[in-house]
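The file my_file-v6.txt contains compact mmCIF, C-alpha atoms and all ligand atoms:
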```txt
# COMPACT_ATOMS: atom_id res chain seq x y z
CA MET H 1 0.00 0.00 0.00
CA LEU H 2 1.36 3.39 -0.87
CA PHE H 3 1.79 5.57 2.16
CA GLU H 4 1.15 9.15 1.22
CA PHE H 5 1.50 11.63 4.03
CA LYS H 6 -0.93 14.53 3.78
CA PRO H 7 -1.04 17.17 6.48
CA LYS H 8 -4.46 17.59 8.07
CA TRP H 9 -4.90 21.18 6.90
CA LEU H 10 -4.38 20.02 3.33
CA LEU H 11 -6.94 17.21 3.66
CA LEU H 12 -9.53 19.50 5.15
CA SER H 13 -8.94 22.43 2.84
CA THR H 14 -9.03 20.15 -0.23
CA TRP H 15 -12.27 18.70 1.03
CA LEU H 16 -13.83 22.10 1.68
CA ILE H 17 -12.81 23.53 -1.68
CA SER H 18 -13.87 20.47 -3.64
CA SER H 19 -17.16 19.99 -1.86
CA ALA H 20 -17.99 23.64 -2.51
CA VAL H 21 -17.30 23.19 -6.21
CA MET H 22 -18.63 19.70 -6.84
CA ALA H 23 -21.16 17.97 -4.67
CA ASN H 24 -20.74 14.22 -4.34
CA VAL H 25 -17.07 14.12 -5.28
CA THR H 26 -14.78 12.72 -2.63
CA PRO H 27 -11.30 14.13 -2.63
CA LEU H 28 -10.14 12.15 0.41
CA ALA H 29 -8.99 8.65 -0.44
CA LEU H 30 -8.87 6.75 2.83
CA LYS H 31 -6.55 4.07 1.51
CA SER H 32 -3.92 6.63 0.54
CA ILE H 33 -3.49 7.72 4.15
CA ALA H 34 -2.94 4.28 5.67
CA ASP H 35 -0.25 1.69 5.14
CA PHE H 36 -2.51 -1.16 6.25
CA PRO H 37 -5.75 -2.45 4.68
CA ILE H 38 -8.75 -0.12 4.78
CA GLY H 39 -11.78 -2.23 4.12
CA VAL H 40 -15.51 -2.23 3.69
CA ALA H 41 -18.13 -4.96 3.91
CA VAL H 42 -20.21 -5.28 0.74
CA PRO H 43 -23.06 -7.46 -0.42
CA VAL H 44 -22.43 -9.81 -3.33
CA ASP H 45 -25.04 -11.03 -5.84
CA PRO H 46 -27.91 -11.79 -5.56
CA TRP H 47 -28.43 -9.11 -2.87
CA PRO H 48 -30.12 -6.07 -4.47
CA ASN H 49 -27.38 -3.72 -3.22
CA SER H 50 -24.60 -6.00 -4.46
CA LEU H 51 -21.34 -4.19 -5.15
CA LEU H 52 -21.12 -5.89 -8.51
CA ARG H 53 -24.46 -4.43 -9.63
CA SER H 54 -23.79 -0.86 -8.54
CA LYS H 55 -21.43 1.48 -10.36
CA GLN H 56 -21.91 4.08 -7.61
CA ARG H 57 -20.78 1.65 -4.94
CA GLN H 58 -17.87 0.56 -7.12
CA ALA H 59 -16.74 4.17 -7.51
CA LEU H 60 -16.60 4.60 -3.73
CA VAL H 61 -14.89 1.26 -3.19
CA GLU H 62 -12.24 1.92 -5.81
CA LYS H 63 -11.53 5.39 -4.48
CA HIS H 64 -11.31 4.68 -0.76
CA PHE H 65 -10.73 1.05 0.04
CA SER H 66 -7.98 -1.53 -0.26
CA SER H 67 -9.82 -4.49 1.25
CA LEU H 68 -13.25 -6.11 0.87
CA THR H 69 -15.28 -8.39 3.09
CA ALA H 70 -18.44 -10.10 1.84
CA GLU H 71 -21.09 -8.89 4.26
CA ASN H 72 -22.95 -12.19 3.98
CA GLY H 73 -21.87 -14.00 0.84
CA MET H 74 -19.07 -16.14 2.29
CA LYS H 75 -21.01 -17.39 5.30
CA MET H 76 -21.79 -21.10 5.67
CA ALA H 77 -25.41 -20.92 4.49
CA TYR H 78 -24.48 -19.33 1.16
CA LEU H 79 -21.35 -21.33 0.36
CA GLN H 80 -22.87 -24.73 1.20
CA PRO H 81 -26.64 -24.35 0.80
CA ARG H 82 -27.18 -28.13 0.57
CA PRO H 83 -25.12 -30.94 2.08
CA GLY H 84 -21.94 -31.34 0.08
CA GLU H 85 -23.04 -28.82 -2.58
CA PHE H 86 -20.80 -25.80 -2.59
CA GLU H 87 -21.83 -22.60 -4.36
CA PHE H 88 -18.85 -20.34 -5.00
CA THR H 89 -20.04 -18.32 -8.00
CA HIS H 90 -20.94 -15.06 -6.24
CA ALA H 91 -18.07 -15.11 -3.76
CA ASP H 92 -15.65 -15.86 -6.61
CA ALA H 93 -17.02 -12.87 -8.53
CA LEU H 94 -16.16 -10.65 -5.56
CA VAL H 95 -12.67 -12.12 -5.24
CA ASN H 96 -12.09 -11.58 -8.98
CA TYR H 97 -13.36 -8.01 -8.79
CA ALA H 98 -11.03 -7.36 -5.84
CA LYS H 99 -8.08 -8.86 -7.67
CA SER H 100 -8.63 -6.85 -10.81
CA HIS H 101 -8.87 -3.62 -8.78
CA GLY H 102 -5.88 -4.28 -6.53
CA LEU H 103 -7.87 -4.95 -3.36
CA VAL H 104 -7.35 -7.78 -0.89
CA VAL H 105 -10.23 -9.89 0.46
CA HIS H 106 -10.89 -10.81 4.07
CA GLY H 107 -12.97 -14.00 4.35
CA HIS H 108 -15.93 -13.92 6.72
CA ALA H 109 -16.57 -16.45 8.24
CA LEU H 110 -15.63 -20.11 8.08
CA VAL H 111 -17.57 -21.09 11.20
CA TRP H 112 -20.50 -19.22 12.76
CA HIS H 113 -23.74 -20.32 14.36
CA THR H 114 -25.84 -17.56 12.75
CA GLN H 115 -26.26 -18.14 9.03
CA ALA H 116 -25.15 -21.73 9.30
CA ALA H 117 -27.09 -23.49 6.54
CA PRO H 118 -30.64 -24.39 7.58
CA TRP H 119 -29.83 -28.05 6.84
CA MET H 120 -27.03 -27.81 9.42
CA ASP H 121 -29.29 -26.20 12.03
CA GLU H 122 -32.02 -28.74 11.42
CA TYR H 123 -29.83 -31.83 11.31
CA GLN H 124 -31.06 -34.61 13.58
CA GLY H 125 -28.49 -37.30 14.11
CA PRO H 126 -25.44 -38.33 16.07
CA ALA H 127 -23.20 -35.57 17.41
CA TYR H 128 -20.12 -36.84 15.55
CA ARG H 129 -21.82 -35.88 12.29
CA PHE H 130 -21.37 -32.23 13.29
CA THR H 131 -17.62 -32.79 13.45
CA GLU H 132 -17.77 -34.17 9.91
CA MET H 133 -19.88 -31.19 8.82
CA LEU H 134 -17.47 -28.71 10.33
CA ASP H 135 -14.41 -30.46 8.89
CA SER H 136 -15.88 -30.76 5.44
CA HIS H 137 -17.04 -27.14 5.31
CA VAL H 138 -13.79 -25.63 6.57
CA ARG H 139 -11.62 -27.89 4.36
CA ASN H 140 -13.62 -27.32 1.19
CA VAL H 141 -14.04 -23.58 1.60
CA ALA H 142 -10.51 -22.81 2.79
CA THR H 143 -9.10 -25.00 0.01
CA HIS H 144 -11.26 -23.34 -2.63
CA PHE H 145 -10.00 -19.87 -1.66
CA ALA H 146 -6.44 -20.93 -0.81
CA GLY H 147 -3.91 -18.35 -1.98
CA LYS H 148 -6.66 -15.85 -2.88
CA LEU H 149 -7.50 -14.25 0.46
CA LYS H 150 -5.49 -12.08 2.81
CA SER H 151 -7.20 -13.40 5.93
CA TRP H 152 -10.13 -15.37 7.34
CA ASP H 153 -12.40 -15.03 10.32
CA VAL H 154 -12.07 -18.68 11.20
CA VAL H 155 -14.56 -18.68 14.06
CA ASN H 156 -17.02 -15.90 14.74
CA GLU H 157 -18.75 -15.06 18.04
CA ALA H 158 -18.03 -18.21 20.06
CA PHE H 159 -18.52 -16.55 23.46
CA THR H 160 -21.60 -15.19 25.22
CA ASP H 161 -21.92 -11.75 26.79
CA ASP H 162 -23.09 -13.17 30.11
CA SER H 163 -21.01 -12.69 33.17
CA PRO H 164 -18.85 -14.65 33.62
CA SER H 165 -18.73 -14.92 29.87
CA ASP H 166 -18.46 -18.43 28.52
CA TYR H 167 -18.76 -20.49 25.35
CA ARG H 168 -21.92 -19.79 23.40
CA PRO H 169 -24.11 -22.91 23.19
CA THR H 170 -24.21 -23.15 19.39
CA ILE H 171 -24.76 -26.24 17.23
CA TRP H 172 -20.97 -26.48 17.02
CA PHE H 173 -20.31 -26.20 20.74
CA ASN H 174 -23.25 -28.39 21.74
CA ASN H 175 -22.29 -31.22 19.42
CA ILE H 176 -18.50 -31.03 19.26
CA GLY H 177 -17.53 -29.27 22.49
CA PRO H 178 -15.16 -26.30 22.88
CA GLY H 179 -12.53 -28.13 20.81
CA TYR H 180 -14.40 -27.13 17.62
CA ILE H 181 -12.65 -23.75 17.68
CA GLU H 182 -9.13 -25.14 17.73
CA ARG H 183 -10.17 -27.76 15.19
CA ALA H 184 -11.37 -25.10 12.75
CA PHE H 185 -8.12 -23.13 13.06
CA ARG H 186 -5.99 -26.23 12.46
CA LEU H 187 -8.05 -27.26 9.43
CA ALA H 188 -7.92 -23.75 7.97
CA ARG H 189 -4.15 -23.61 8.31
CA GLU H 190 -3.75 -27.04 6.71
CA ALA H 191 -5.85 -25.95 3.74
CA ASP H 192 -4.25 -22.52 3.27
CA PRO H 193 -0.76 -22.17 4.78
CA ASN H 194 -0.37 -18.44 4.09
CA VAL H 195 -3.72 -16.88 4.89
CA GLU H 196 -3.96 -14.97 8.20
CA LEU H 197 -6.30 -16.63 10.68
CA TYR H 198 -8.45 -14.52 13.01
CA TYR H 199 -10.88 -15.10 15.83
CA ASN H 200 -13.63 -12.44 15.57
CA ASP H 201 -16.19 -11.19 18.11
CA TYR H 202 -18.37 -8.27 19.23
CA ASN H 203 -18.62 -6.37 22.52
CA ILE H 204 -14.96 -7.09 23.24
CA SER H 205 -13.77 -3.51 22.60
CA GLY H 206 -14.76 -2.31 26.06
CA ALA H 207 -18.46 -3.18 26.28
CA VAL H 208 -18.15 -6.53 28.10
CA PRO H 209 -14.70 -6.83 29.70
CA ALA H 210 -15.36 -10.39 30.96
CA LYS H 211 -15.89 -11.47 27.35
CA LEU H 212 -12.54 -10.08 26.27
CA ASP H 213 -10.96 -11.90 29.25
CA ARG H 214 -12.33 -15.21 27.95
CA VAL H 215 -11.27 -14.52 24.37
CA LEU H 216 -7.76 -13.58 25.47
CA ALA H 217 -7.53 -16.64 27.71
CA MET H 218 -8.37 -18.79 24.67
CA LEU H 219 -5.82 -16.91 22.57
CA ASP H 220 -3.10 -17.32 25.22
CA ASP H 221 -3.85 -21.02 25.37
CA PHE H 222 -3.70 -21.32 21.55
CA LEU H 223 -0.42 -19.42 21.38
CA ALA H 224 1.10 -21.51 24.19
CA ARG H 225 0.12 -24.78 22.50
CA GLY H 226 0.97 -23.75 18.96
CA VAL H 227 -2.60 -23.73 17.65
CA PRO H 228 -2.37 -21.63 14.48
CA ILE H 229 -3.89 -18.19 15.05
CA ASP H 230 -2.63 -14.87 13.74
CA GLY H 231 -4.96 -12.29 15.16
CA LEU H 232 -8.03 -11.00 16.88
CA GLY H 233 -10.86 -9.16 15.13
CA PHE H 234 -12.71 -6.55 17.17
CA GLN H 235 -16.04 -5.93 15.48
CA VAL H 236 -16.57 -2.48 17.10
CA HIS H 237 -20.28 -2.05 16.54
CA ILE H 238 -20.57 0.88 18.92
CA ASP H 239 -22.45 4.15 19.33
CA THR H 240 -21.51 7.74 20.05
CA GLU H 241 -21.78 7.24 23.81
CA SER H 242 -20.40 3.91 24.81
CA PRO H 243 -18.06 2.22 25.44
CA SER H 244 -15.68 4.85 26.76
CA LEU H 245 -12.59 5.65 24.76
CA GLU H 246 -10.44 4.46 27.66
CA ALA H 247 -12.16 1.08 27.59
CA ILE H 248 -11.67 0.83 23.81
CA ARG H 249 -7.99 1.72 24.07
CA ASP H 250 -7.46 -0.73 26.89
CA ALA H 251 -9.07 -3.55 24.89
CA PHE H 252 -6.95 -2.97 21.75
CA SER H 253 -3.86 -2.64 23.85
CA ARG H 254 -4.44 -5.89 25.76
CA ALA H 255 -4.72 -7.79 22.46
CA ALA H 256 -1.68 -6.11 20.90
CA LYS H 257 0.44 -7.01 23.95
CA ARG H 258 0.05 -10.66 22.92
CA GLY H 259 2.04 -9.83 19.79
CA ILE H 260 -0.84 -10.94 17.55
CA LYS H 261 -2.43 -8.93 14.75
CA VAL H 262 -5.39 -6.75 15.64
CA ARG H 263 -8.14 -5.82 13.19
CA ILE H 264 -11.11 -3.55 13.57
CA SER H 265 -13.25 -5.91 11.57
CA GLU H 266 -16.79 -4.45 11.44
CA LEU H 267 -16.72 -0.79 12.40
CA ASP H 268 -19.89 1.27 12.59
CA ILE H 269 -20.92 4.04 14.97
CA ALA H 270 -24.64 4.35 15.64
CA VAL H 271 -26.05 7.73 16.69
CA ASN H 272 -29.73 7.03 17.32
CA GLN H 273 -29.41 4.47 20.10
CA SER H 274 -32.06 6.25 22.18
CA GLU H 275 -34.27 6.78 19.12
CA GLN H 276 -34.27 10.51 19.75
CA TYR H 277 -33.71 11.66 16.14
CA ASP H 278 -35.78 11.67 12.95
CA ALA H 279 -32.87 12.84 10.82
CA LEU H 280 -29.11 13.19 11.10
CA SER H 281 -28.48 16.81 12.10
CA PRO H 282 -25.14 18.52 11.29
CA ALA H 283 -24.32 18.63 15.01
CA VAL H 284 -24.83 14.88 15.49
CA ALA H 285 -22.95 14.14 12.26
CA GLU H 286 -20.00 16.10 13.70
CA LEU H 287 -20.22 14.19 16.97
CA GLN H 288 -20.12 10.96 15.01
CA ALA H 289 -17.16 12.22 12.96
CA LYS H 290 -15.24 12.96 16.15
CA ARG H 291 -16.00 9.50 17.49
CA TYR H 292 -14.73 7.89 14.26
CA GLN H 293 -11.55 9.92 14.56
CA GLN H 294 -11.06 8.95 18.21
CA VAL H 295 -11.62 5.24 17.64
CA ILE H 296 -9.12 5.19 14.77
CA GLN H 297 -6.64 7.15 16.86
CA ALA H 298 -7.10 4.69 19.74
CA TYR H 299 -6.26 1.85 17.34
CA LEU H 300 -3.17 3.60 16.00
CA ASP H 301 -1.97 4.57 19.48
CA THR H 302 -2.27 1.09 20.91
CA VAL H 303 -1.49 -1.27 18.01
CA PRO H 304 2.06 -1.01 16.67
CA PRO H 305 2.44 -0.81 12.87
CA LYS H 306 3.52 -4.41 12.37
CA LEU H 307 0.44 -5.71 14.20
CA ARG H 308 -2.13 -3.62 12.32
CA GLY H 309 -4.29 -6.06 10.41
CA GLY H 310 -6.46 -3.22 9.16
CA ILE H 311 -9.76 -1.47 9.67
CA THR H 312 -13.00 -2.48 7.93
CA VAL H 313 -16.25 -0.51 8.08
CA TRP H 314 -19.41 -2.62 8.07
CA GLY H 315 -21.14 -1.30 4.97
CA LEU H 316 -20.87 1.58 2.54
CA THR H 317 -23.95 3.78 2.84
CA ASP H 318 -26.26 4.34 5.79
CA GLY H 319 -28.99 2.64 3.79
CA ASP H 320 -26.83 -0.47 3.44
CA SER H 321 -26.34 -0.83 7.19
CA TRP H 322 -27.68 -3.85 9.09
CA ILE H 323 -28.61 -1.66 12.07
CA PRO H 324 -32.02 -0.24 11.08
CA GLY H 325 -33.36 -3.69 10.16
CA PHE H 326 -31.84 -5.48 13.12
CA LYS H 327 -32.59 -2.90 15.78
CA GLN H 328 -35.87 -1.73 14.25
CA ARG H 329 -34.98 1.96 14.30
CA GLN H 330 -33.59 4.61 11.99
CA ASP H 331 -29.88 5.22 12.20
CA TRP H 332 -26.99 6.64 10.19
CA PRO H 333 -23.91 4.69 11.30
CA LEU H 334 -21.62 4.73 8.26
CA LEU H 335 -19.34 6.99 6.18
CA PHE H 336 -21.61 7.72 3.19
CA ASP H 337 -25.26 8.77 3.00
CA ASP H 338 -27.97 7.21 0.90
CA ASN H 339 -26.99 9.39 -2.07
CA PHE H 340 -23.42 8.05 -1.92
CA ALA H 341 -22.20 11.43 -0.65
CA ASP H 342 -19.47 11.79 1.98
CA LYS H 343 -20.55 12.37 5.53
CA PRO H 344 -18.46 14.20 8.12
CA ALA H 345 -17.75 10.68 9.47
CA LEU H 346 -15.53 10.13 6.41
CA VAL H 347 -13.46 13.18 7.28
CA GLY H 348 -13.34 11.98 10.90
CA MET H 349 -11.98 8.64 9.78
CA ALA H 350 -9.44 10.31 7.48
CA ASN H 351 -8.27 12.60 10.27
CA GLY H 352 -7.97 9.61 12.59
CA LEU H 353 -5.85 7.76 10.02
CA GLU H 354 -3.74 10.79 9.40
CA SER H 355 -2.74 10.81 13.08
CA GLN H 356 -0.77 7.57 12.67
CA PRO H 357 2.71 7.72 14.13
O1 LIG E 401 -24.59 -7.28 8.15
C1 LIG E 401 -25.05 -8.60 8.22
C2 LIG E 401 -26.56 -8.66 7.96
O2 LIG E 401 -26.83 -8.32 6.62
C3 LIG E 401 -27.09 -10.06 8.28
O3 LIG E 401 -28.50 -10.04 8.16
C4 LIG E 401 -26.68 -10.44 9.68
C5 LIG E 401 -27.16 -11.83 10.07
O4 LIG E 401 -27.00 -12.00 11.43
O5 LIG E 401 -25.26 -10.41 9.78
C6 LIG E 401 -24.75 -9.13 9.61
O6 LIG E 401 -23.36 -9.13 9.80
C7 LIG E 401 -22.91 -9.53 11.09
C8 LIG E 401 -21.56 -10.19 10.91
O7 LIG E 401 -21.65 -11.22 9.98
C9 LIG E 401 -21.03 -10.70 12.24
N1 LIG E 401 -21.01 -9.68 13.23
C10 LIG E 401 -22.24 -8.91 13.41
C11 LIG E 401 -22.70 -8.36 12.05
C12 LIG E 401 -23.92 -7.46 12.21
O8 LIG E 401 -24.99 -8.19 12.72
```
Show me, as structure tokens, the structure contained in the file I just sent.
Amino acid sequence: MLFEFKPKWLLLSTWLISSAVMANVTPLALKSIADFPIGVAVPVDPWPNSLLRSKQRQALVEKHFSSLTAENGMKMAYLQPRPGEFEFTHADALVNYAKSHGLVVHGHALVWHTQAAPWMDEYQGPAYRFTEMLDSHVRNVATHFAGKLKSWDVVNEAFTDDSPSDYRPTIWFNNIGPGYIERAFRLAREADPNVELYYNDYNISGAVPAKLDRVLAMLDDFLARGVPIDGLGFQVHIDTESPSLEAIRDAFSRAAKRGIKVRISELDIAVNQSEQYDALSPAVAELQAKRYQQVIQAYLDTVPPKLRGGITVWGLTDGDSWIPGFKQRQDWPLLFDDNFADKPALVGMANGLESQP
């Protein structure tokens, strides 16, 4: 990645001048102010807002980002919709698009309980069959993409938020036991020796400290026993109020002290958590921009350059975000509005990146 240093006054003045002259044109290119991957999660076909069907989304991706994650398209349900039948067409199209535009791809996720295929969820039979299912899925998928991805979320969200936090009782845990996590990492490494392997989870960047304790205990155990793992993905689905910046910094820093890679894997910053707004006002947009800047700065302050696995935002436009549907409320958590125009949040993120030592 080319590292181009641009002083903050230049970034801001370029932005002000250009936005006065031409609405909807983005002079800041996030990827040009970071020497680690700057990513975005995007839908693949057949989702209606698929990146591959939208020239406007492609223009933003090509300008700002150096890494892509399929928001849903590489999850178990979509890659193996029926037992033993793998469907790689749409995910391959994304990987090919990324390759031809010089972007890397982060795979998400080899093993998760949500969006496991319905036939997996519904399977009635002996527990050992779930080990076969897990093995076959991880082997086939990691082998198919071997050499083509920068990194994988090998296991996603294996711990609960309860206190004390413990393993989530998923189909994988219930039928295989806690060893399914280690098993998935070993299988992924066997299938693809060079891809970076991450464990990924939410509420570990300050929201639920006991959960981070459990994740780090697992990581320490893996590192001590030589289980192949390269890094920890912090999802960072947060809002403008919590968690505190101190808690976020502390969480990143605890992971980085292990000497493993740290990614912000699914960043978004909600503003309407109390459902107090009908629209995004300029004042709230500025507050959100500041929060983006602070979170990025916290990452850069606490994670040394060689351990920075990158930062991925979880969606392009506010209208693409999972939050309104999932939380049943309006919100505006991302960097671009529904007309594909920059939000102050984009400038906040750029200013945060520009602060890198
Ligand atoms: O953004 C994804 C949304 O479109 C899906 O409906 C949802 C299914 O649970 O998953 C969303 O992405 C999740 C990601 O895969 C894992 N971490 C939490 C993300 C937001 O829910």
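With only C-alpha atoms and all ligand atoms as the atoms that count, the residue of H:Ile181, H:Val155, H:Ala127, H:Ala279 with the shortest distance to ligand LIG 401 (chain E) is H:Val155.
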If you measure from CA of Ala270 in chain H to CA of Ile238 in chain H, what distance in Å do you get, rounded to one decimal? 6.3 Å
Residue neighbourhood range 34-45 of chain H, 7 Å, all atoms listed in the file, exclusion window fewer than 5 positions, as an NGL selection string: :H and (1-3 or 50-52 or 65-73 or 90-91 or 94 or 308-316 or 353)
Distance query Ala191 in chain H at most 7 Å, only C-alpha atoms, self and fewer than 4 positions along chain excluded, as a PyMOL selection string: chain H and resi 139+142-143+146+187
At most 10 Å from ligand LIG 401 (chain E) (only C-alpha atoms and all ligand atoms): residue list as a compact mmCIF listing (two decimals) with C-alpha atoms, in the frame of the given file:
```txt
# COMPACT_ATOMS: atom_id res chain seq x y z
CA ALA H 41 -18.13 -4.96 3.91
CA VAL H 42 -20.21 -5.28 0.74
CA PRO H 43 -23.06 -7.46 -0.42
CA TRP H 47 -28.43 -9.11 -2.87
CA THR H 69 -15.28 -8.39 3.09
CA ALA H 70 -18.44 -10.10 1.84
CA GLU H 71 -21.09 -8.89 4.26
CA ASN H 72 -22.95 -12.19 3.98
CA GLY H 73 -21.87 -14.00 0.84
CA MET H 74 -19.07 -16.14 2.29
CA LYS H 75 -21.01 -17.39 5.30
CA HIS H 108 -15.93 -13.92 6.72
CA ALA H 109 -16.57 -16.45 8.24
CA TRP H 112 -20.50 -19.22 12.76
CA HIS H 113 -23.74 -20.32 14.36
CA THR H 114 -25.84 -17.56 12.75
CA GLN H 115 -26.26 -18.14 9.03
CA ASP H 153 -12.40 -15.03 10.32
CA ASN H 156 -17.02 -15.90 14.74
CA GLU H 157 -18.75 -15.06 18.04
CA ASN H 200 -13.63 -12.44 15.57
CA ASP H 201 -16.19 -11.19 18.11
CA TYR H 202 -18.37 -8.27 19.23
CA PHE H 234 -12.71 -6.55 17.17
CA GLN H 235 -16.04 -5.93 15.48
CA VAL H 236 -16.57 -2.48 17.10
CA HIS H 237 -20.28 -2.05 16.54
CA SER H 265 -13.25 -5.91 11.57
CA GLU H 266 -16.79 -4.45 11.44
CA LEU H 267 -16.72 -0.79 12.40
CA ASP H 268 -19.89 1.27 12.59
CA TRP H 314 -19.41 -2.62 8.07
CA GLY H 315 -21.14 -1.30 4.97
CA ASP H 320 -26.83 -0.47 3.44
CA SER H 321 -26.34 -0.83 7.19
CA TRP H 322 -27.68 -3.85 9.09
CA ILE H 323 -28.61 -1.66 12.07
CA GLY H 325 -33.36 -3.69 10.16
CA PHE H 326 -31.84 -5.48 13.12
CA LYS H 327 -32.59 -2.90 15.78
```
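With all atoms listed in the file as the basis for measurement, H:Asn351 is the residue among H:Gln356, H:Asn194, H:Gln297, H:Asn351 that approaches Leu30 in chain H most closely.
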Give me the residues near Ala283 in chain H as a PyMOL selection string, where near means some atom within 12 Å (using all atoms listed in the file) and where sequence neighbours in that chain fewer than 5 positions away do not count. chain H and resi 271+277+288-290+343-345
Resulting file, chosen residues, C-alpha atoms, as a PDB file, keeping the file's coordinate frame:
```
ATOM      1  CA  VAL H 271     -26.050   7.730  16.690  1.00  0.00           C
ATOM      2  CA  TYR H 277     -33.710  11.660  16.140  1.00  0.00           C
ATOM      3  CA  GLN H 288     -20.120  10.960  15.010  1.00  0.00           C
ATOM      4  CA  ALA H 289     -17.160  12.220  12.960  1.00  0.00           C
ATOM      5  CA  LYS H 290     -15.240  12.960  16.150  1.00  0.00           C
ATOM      6  CA  LYS H 343     -20.550  12.370   5.530  1.00  0.00           C
ATOM      7  CA  PRO H 344     -18.460  14.200   8.120  1.00  0.00           C
ATOM      8  CA  ALA H 345     -17.750  10.680   9.470  1.00  0.00           C
TER       9      ALA H 345
END
```
Near Asn339 in chain H, counting all atoms listed in the file, which residues have an atom at most 10 Å away, once you skip same-chain residues fewer than 4 positions from it, shown as a PyMOL selection string? chain H and resi 24+56+317-319
Once you have the residues from the selection above, write them out as a compact mmCIF listing (two decimals), in the frame of the given file, restricted to C-alpha atoms.
```
# COMPACT_ATOMS: atom_id res chain seq x y z
CA ASN H 24 -20.74 14.22 -4.34
CA GLN H 56 -21.91 4.08 -7.61
CA THR H 317 -23.95 3.78 2.84
CA ASP H 318 -26.26 4.34 5.79
CA GLY H 319 -28.99 2.64 3.79
```
Rebuild range 313-318 of chain H to all heavy atoms - output it as a PDB file, keeping the file's coordinate frame, please.
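The result, written out as selection-v8.pdb:
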```pdb
ATOM      1  N   VAL H 313     -14.940  -1.042   7.679  1.00  0.00           N
ATOM      2  CA  VAL H 313     -16.250  -0.510   8.080  1.00  0.00           C
ATOM      3  C   VAL H 313     -17.335  -1.454   7.559  1.00  0.00           C
ATOM      4  O   VAL H 313     -17.201  -2.046   6.485  1.00  0.00           O
ATOM      5  CB  VAL H 313     -16.493   0.938   7.588  1.00  0.00           C
ATOM      6  CG1 VAL H 313     -15.661   1.921   8.374  1.00  0.00           C
ATOM      7  CG2 VAL H 313     -16.226   1.081   6.107  1.00  0.00           C
ATOM      8  N   TRP H 314     -18.416  -1.571   8.365  1.00  0.00           N
ATOM      9  CA  TRP H 314     -19.410  -2.620   8.070  1.00  0.00           C
ATOM     10  C   TRP H 314     -20.530  -2.085   7.189  1.00  0.00           C
ATOM     11  O   TRP H 314     -21.679  -1.953   7.608  1.00  0.00           O
ATOM     12  CB  TRP H 314     -19.929  -3.244   9.364  1.00  0.00           C
ATOM     13  CG  TRP H 314     -20.471  -4.629   9.129  1.00  0.00           C
ATOM     14  CD1 TRP H 314     -21.771  -5.029   9.268  1.00  0.00           C
ATOM     15  CD2 TRP H 314     -19.744  -5.789   8.709  1.00  0.00           C
ATOM     16  NE1 TRP H 314     -21.887  -6.372   8.944  1.00  0.00           N
ATOM     17  CE2 TRP H 314     -20.653  -6.867   8.596  1.00  0.00           C
ATOM     18  CE3 TRP H 314     -18.382  -6.028   8.392  1.00  0.00           C
ATOM     19  CZ2 TRP H 314     -20.279  -8.148   8.200  1.00  0.00           C
ATOM     20  CZ3 TRP H 314     -18.012  -7.309   7.992  1.00  0.00           C
ATOM     21  CH2 TRP H 314     -18.949  -8.342   7.905  1.00  0.00           C
ATOM     22  N   GLY H 315     -20.160  -1.788   5.942  1.00  0.00           N
ATOM     23  CA  GLY H 315     -21.140  -1.300   4.970  1.00  0.00           C
ATOM     24  C   GLY H 315     -20.706   0.024   4.392  1.00  0.00           C
ATOM     25  O   GLY H 315     -19.898   0.749   4.992  1.00  0.00           O
ATOM     26  N   LEU H 316     -21.257   0.333   3.200  1.00  0.00           N
ATOM     27  CA  LEU H 316     -20.870   1.580   2.540  1.00  0.00           C
ATOM     28  C   LEU H 316     -21.780   2.728   2.954  1.00  0.00           C
ATOM     29  O   LEU H 316     -21.355   3.669   3.615  1.00  0.00           O
ATOM     30  CB  LEU H 316     -20.951   1.394   1.026  1.00  0.00           C
ATOM     31  CG  LEU H 316     -19.687   1.004   0.276  1.00  0.00           C
ATOM     32  CD1 LEU H 316     -20.023   0.761  -1.176  1.00  0.00           C
ATOM     33  CD2 LEU H 316     -18.604   2.067   0.411  1.00  0.00           C
ATOM     34  N   THR H 317     -23.048   2.651   2.577  1.00  0.00           N
ATOM     35  CA  THR H 317     -23.950   3.780   2.840  1.00  0.00           C
ATOM     36  C   THR H 317     -24.830   3.460   4.053  1.00  0.00           C
ATOM     37  O   THR H 317     -25.052   2.293   4.391  1.00  0.00           O
ATOM     38  CB  THR H 317     -24.879   4.033   1.637  1.00  0.00           C
ATOM     39  OG1 THR H 317     -25.804   2.935   1.523  1.00  0.00           O
ATOM     40  CG2 THR H 317     -24.082   4.171   0.352  1.00  0.00           C
ATOM     41  N   ASP H 318     -25.362   4.532   4.644  1.00  0.00           N
ATOM     42  CA  ASP H 318     -26.260   4.340   5.790  1.00  0.00           C
ATOM     43  C   ASP H 318     -27.402   3.385   5.444  1.00  0.00           C
ATOM     44  O   ASP H 318     -27.818   2.572   6.264  1.00  0.00           O
ATOM     45  CB  ASP H 318     -26.820   5.690   6.248  1.00  0.00           C
ATOM     46  CG  ASP H 318     -25.777   6.511   7.003  1.00  0.00           C
ATOM     47  OD1 ASP H 318     -24.822   5.910   7.555  1.00  0.00           O
ATOM     48  OD2 ASP H 318     -25.914   7.751   7.032  1.00  0.00           O
TER      49      ASP H 318
END
```
